[in-house]
Structures are given as C-alpha cells and as structure tokens.
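File shown: start27.cif. Contents: mmCIF, N, CA and C atoms.
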```
data_run
#
loop_
_atom_site.label_atom_id
_atom_site.label_comp_id
_atom_site.auth_asym_id
_atom_site.auth_seq_id
_atom_site.Cartn_x
_atom_site.Cartn_y
_atom_site.Cartn_z
N MET A 1 0.80 -1.19 0.00
CA MET A 1 0.00 0.00 0.00
C MET A 1 0.85 1.26 0.00
N GLY A 2 2.13 1.09 -0.26
CA GLY A 2 2.98 2.25 -0.33
C GLY A 2 3.58 2.68 1.01
N LEU A 3 3.30 1.93 2.06
CA LEU A 3 3.84 2.26 3.37
C LEU A 3 4.95 1.28 3.72
N ASP A 4 5.80 1.67 4.66
CA ASP A 4 6.83 0.76 5.13
C ASP A 4 6.18 -0.46 5.76
N GLU A 5 6.87 -1.61 5.68
CA GLU A 5 6.35 -2.84 6.26
C GLU A 5 6.11 -2.64 7.76
N HIS A 6 4.98 -3.12 8.23
CA HIS A 6 4.56 -3.04 9.64
C HIS A 6 4.28 -1.62 10.11
N HIS A 7 4.05 -0.71 9.19
CA HIS A 7 3.76 0.69 9.55
C HIS A 7 2.55 0.76 10.48
N VAL A 8 1.54 -0.04 10.19
CA VAL A 8 0.34 -0.07 11.03
C VAL A 8 0.22 -1.42 11.73
N THR A 9 0.55 -2.49 11.02
CA THR A 9 0.35 -3.83 11.59
C THR A 9 1.34 -4.16 12.69
N GLY A 10 2.43 -3.42 12.82
CA GLY A 10 3.42 -3.69 13.85
C GLY A 10 3.14 -3.01 15.17
N VAL A 11 2.00 -2.37 15.30
CA VAL A 11 1.65 -1.69 16.55
C VAL A 11 1.03 -2.71 17.51
N PRO A 12 1.67 -2.99 18.62
CA PRO A 12 1.14 -3.98 19.55
C PRO A 12 -0.24 -3.61 20.08
N GLY A 13 -1.14 -4.60 20.11
CA GLY A 13 -2.46 -4.41 20.69
C GLY A 13 -3.47 -3.72 19.79
N LEU A 14 -3.10 -3.39 18.57
CA LEU A 14 -4.02 -2.71 17.66
C LEU A 14 -4.84 -3.75 16.92
N SER A 15 -6.17 -3.70 17.06
CA SER A 15 -7.04 -4.67 16.40
C SER A 15 -7.05 -4.44 14.89
N ARG A 16 -7.53 -5.44 14.17
CA ARG A 16 -7.62 -5.33 12.70
C ARG A 16 -8.49 -4.13 12.31
N ALA A 17 -9.61 -3.96 12.99
CA ALA A 17 -10.49 -2.83 12.70
C ALA A 17 -9.79 -1.50 12.95
N ALA A 18 -9.02 -1.43 14.03
CA ALA A 18 -8.28 -0.20 14.35
C ALA A 18 -7.18 0.05 13.32
N GLN A 19 -6.55 -1.02 12.82
CA GLN A 19 -5.52 -0.87 11.79
C GLN A 19 -6.13 -0.28 10.52
N LEU A 20 -7.27 -0.82 10.10
CA LEU A 20 -7.92 -0.31 8.89
C LEU A 20 -8.37 1.13 9.07
N LYS A 21 -8.86 1.46 10.25
CA LYS A 21 -9.28 2.84 10.53
C LYS A 21 -8.08 3.78 10.48
N ALA A 22 -6.94 3.32 11.01
CA ALA A 22 -5.73 4.15 11.01
C ALA A 22 -5.24 4.42 9.59
N LEU A 23 -5.43 3.44 8.71
CA LEU A 23 -5.01 3.62 7.32
C LEU A 23 -5.90 4.63 6.60
N GLY A 24 -7.17 4.64 6.95
CA GLY A 24 -8.11 5.60 6.37
C GLY A 24 -8.08 5.60 4.85
N ASN A 25 -7.98 6.78 4.26
CA ASN A 25 -7.97 6.94 2.81
C ASN A 25 -6.55 7.07 2.26
N GLY A 26 -5.57 6.64 3.00
CA GLY A 26 -4.19 6.80 2.61
C GLY A 26 -3.81 6.14 1.31
N VAL A 27 -4.55 5.13 0.90
CA VAL A 27 -4.19 4.40 -0.31
C VAL A 27 -4.99 4.87 -1.53
N VAL A 28 -5.95 5.74 -1.31
CA VAL A 28 -6.84 6.16 -2.40
C VAL A 28 -6.06 6.77 -3.57
N TRP A 29 -5.08 7.61 -3.30
CA TRP A 29 -4.33 8.26 -4.39
C TRP A 29 -3.59 7.22 -5.22
N GLN A 30 -3.09 6.15 -4.58
CA GLN A 30 -2.37 5.11 -5.32
C GLN A 30 -3.32 4.33 -6.21
N GLN A 31 -4.52 4.07 -5.73
CA GLN A 31 -5.52 3.38 -6.54
C GLN A 31 -5.95 4.24 -7.72
N ALA A 32 -6.10 5.53 -7.50
CA ALA A 32 -6.46 6.44 -8.58
C ALA A 32 -5.36 6.50 -9.64
N ALA A 33 -4.12 6.54 -9.20
CA ALA A 33 -3.00 6.59 -10.15
C ALA A 33 -2.94 5.30 -10.97
N ALA A 34 -3.16 4.16 -10.34
CA ALA A 34 -3.15 2.88 -11.06
C ALA A 34 -4.29 2.83 -12.07
N ALA A 35 -5.46 3.31 -11.68
CA ALA A 35 -6.61 3.32 -12.60
C ALA A 35 -6.34 4.23 -13.79
N LEU A 36 -5.75 5.39 -13.54
CA LEU A 36 -5.44 6.33 -14.61
C LEU A 36 -4.43 5.73 -15.59
N ARG A 37 -3.39 5.07 -15.05
CA ARG A 37 -2.41 4.41 -15.93
C ARG A 37 -3.08 3.35 -16.80
N LEU A 38 -3.97 2.56 -16.19
CA LEU A 38 -4.68 1.51 -16.92
C LEU A 38 -5.52 2.12 -18.05
N LEU A 39 -6.25 3.17 -17.74
CA LEU A 39 -7.09 3.81 -18.75
C LEU A 39 -6.26 4.45 -19.86
N LEU A 40 -5.17 5.10 -19.49
CA LEU A 40 -4.32 5.75 -20.50
C LEU A 40 -3.68 4.70 -21.42
N ASP A 41 -3.35 3.54 -20.88
CA ASP A 41 -2.78 2.46 -21.71
C ASP A 41 -3.78 1.95 -22.74
N ARG A 42 -5.07 2.10 -22.45
CA ARG A 42 -6.12 1.60 -23.35
C ARG A 42 -6.50 2.59 -24.44
N LEU A 43 -6.06 3.83 -24.33
CA LEU A 43 -6.41 4.84 -25.32
C LEU A 43 -5.72 4.55 -26.65
N ASP A 44 -6.44 4.80 -27.71
CA ASP A 44 -5.85 4.72 -29.03
C ASP A 44 -5.06 6.00 -29.26
N PRO A 45 -3.89 5.89 -29.87
CA PRO A 45 -3.15 7.11 -30.16
C PRO A 45 -3.94 8.02 -31.11
N VAL A 46 -3.86 9.29 -30.88
CA VAL A 46 -4.57 10.26 -31.73
C VAL A 46 -3.67 10.56 -32.94
N PRO A 47 -4.19 10.36 -34.14
CA PRO A 47 -3.36 10.67 -35.33
C PRO A 47 -3.07 12.16 -35.41
N VAL A 48 -1.85 12.48 -35.78
CA VAL A 48 -1.44 13.88 -35.90
C VAL A 48 -1.52 14.25 -37.38
N ALA A 49 -2.24 15.34 -37.68
CA ALA A 49 -2.35 15.80 -39.06
C ALA A 49 -1.04 16.43 -39.50
N ALA A 50 -0.60 16.07 -40.66
CA ALA A 50 0.67 16.60 -41.16
C ALA A 50 0.45 17.80 -42.06
#
```
Rewritten as structure tokens:
Amino acid sequence: MGLDEHHVTGVPGLSRAAQLKALGNGVVWQQAAAALRLLLDRLDPVPVAA
C-alpha cells in the first residue's frame, strides 16, 4: 500500500479494525494513479495531421 512494512500492523495491541481505521484513505491516491495508468494504456493514439 505504499507504506513501510509493519507501519500499522506492527503496533502492539491494535485490532484489525483499528488498523484499517488508522489507514483511512491513505491508499486512495495510489488506486487512482493505477486506474489512470490503466485507462491511459487503453487509449488509441490520436493521429497527428501533417
């Protein structure tokens, strides 16, 4: 998810629900970037008029 290993999961006593809450929307920008790359790869090149 773009974070260092155990950034959230290495906190002693933190429940799974609390880990997910701590992450919040932190990964949203990475998902958006991946979706944009996928969509851009599917575009047909626009012919350039000479």
**Request:** Please provide as a PyMOL selection string all residues within 10 Å of segment 20-25 of chain A, with the sequence filter that same-chain residues fewer than 3 positions apart are discarded (counting only C-alpha atoms).
**Result:** chain A and resi 1+3+7-9+14-17+28-29
How big is the axis-aligned box around all listed atoms of segment 5-22 of chain A once 3 Å goes on each side, and where's its centre, in Å to one decimal, as JSON?
```
{"center_x": -1.8, "center_y": -0.5, "center_z": 13.2, "size_x": 23.4, "size_y": 15.9, "size_z": 21.0}
```
**Asked** If you measure from atom CA of Glu5 of chain A to atom CA of Ala32 of chain A, what distance in Å do you get, rounded to one decimal?
**Response**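 Atom CA of Ala32 of chain A lies 21.7 Å from atom CA of Glu5 of chain A.
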**Asked** Can you tell me how far atom CA of Pro47 of chain A sits from atom CA of Ala34 of chain A, in Å to one decimal?
**Response** 25.5 Å
**Message:** Using DSSP assignments from the backbone, pull out every residue in chain A that falls under alpha helix (DSSP H) and give it to me as a PyMOL selection string.
**Reply:** chain A and resi 16-23+28-42
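Rounded to one decimal, atom N of His6 of chain A and atom N of Gln19 of chain A lie 12.6 Å from each other.
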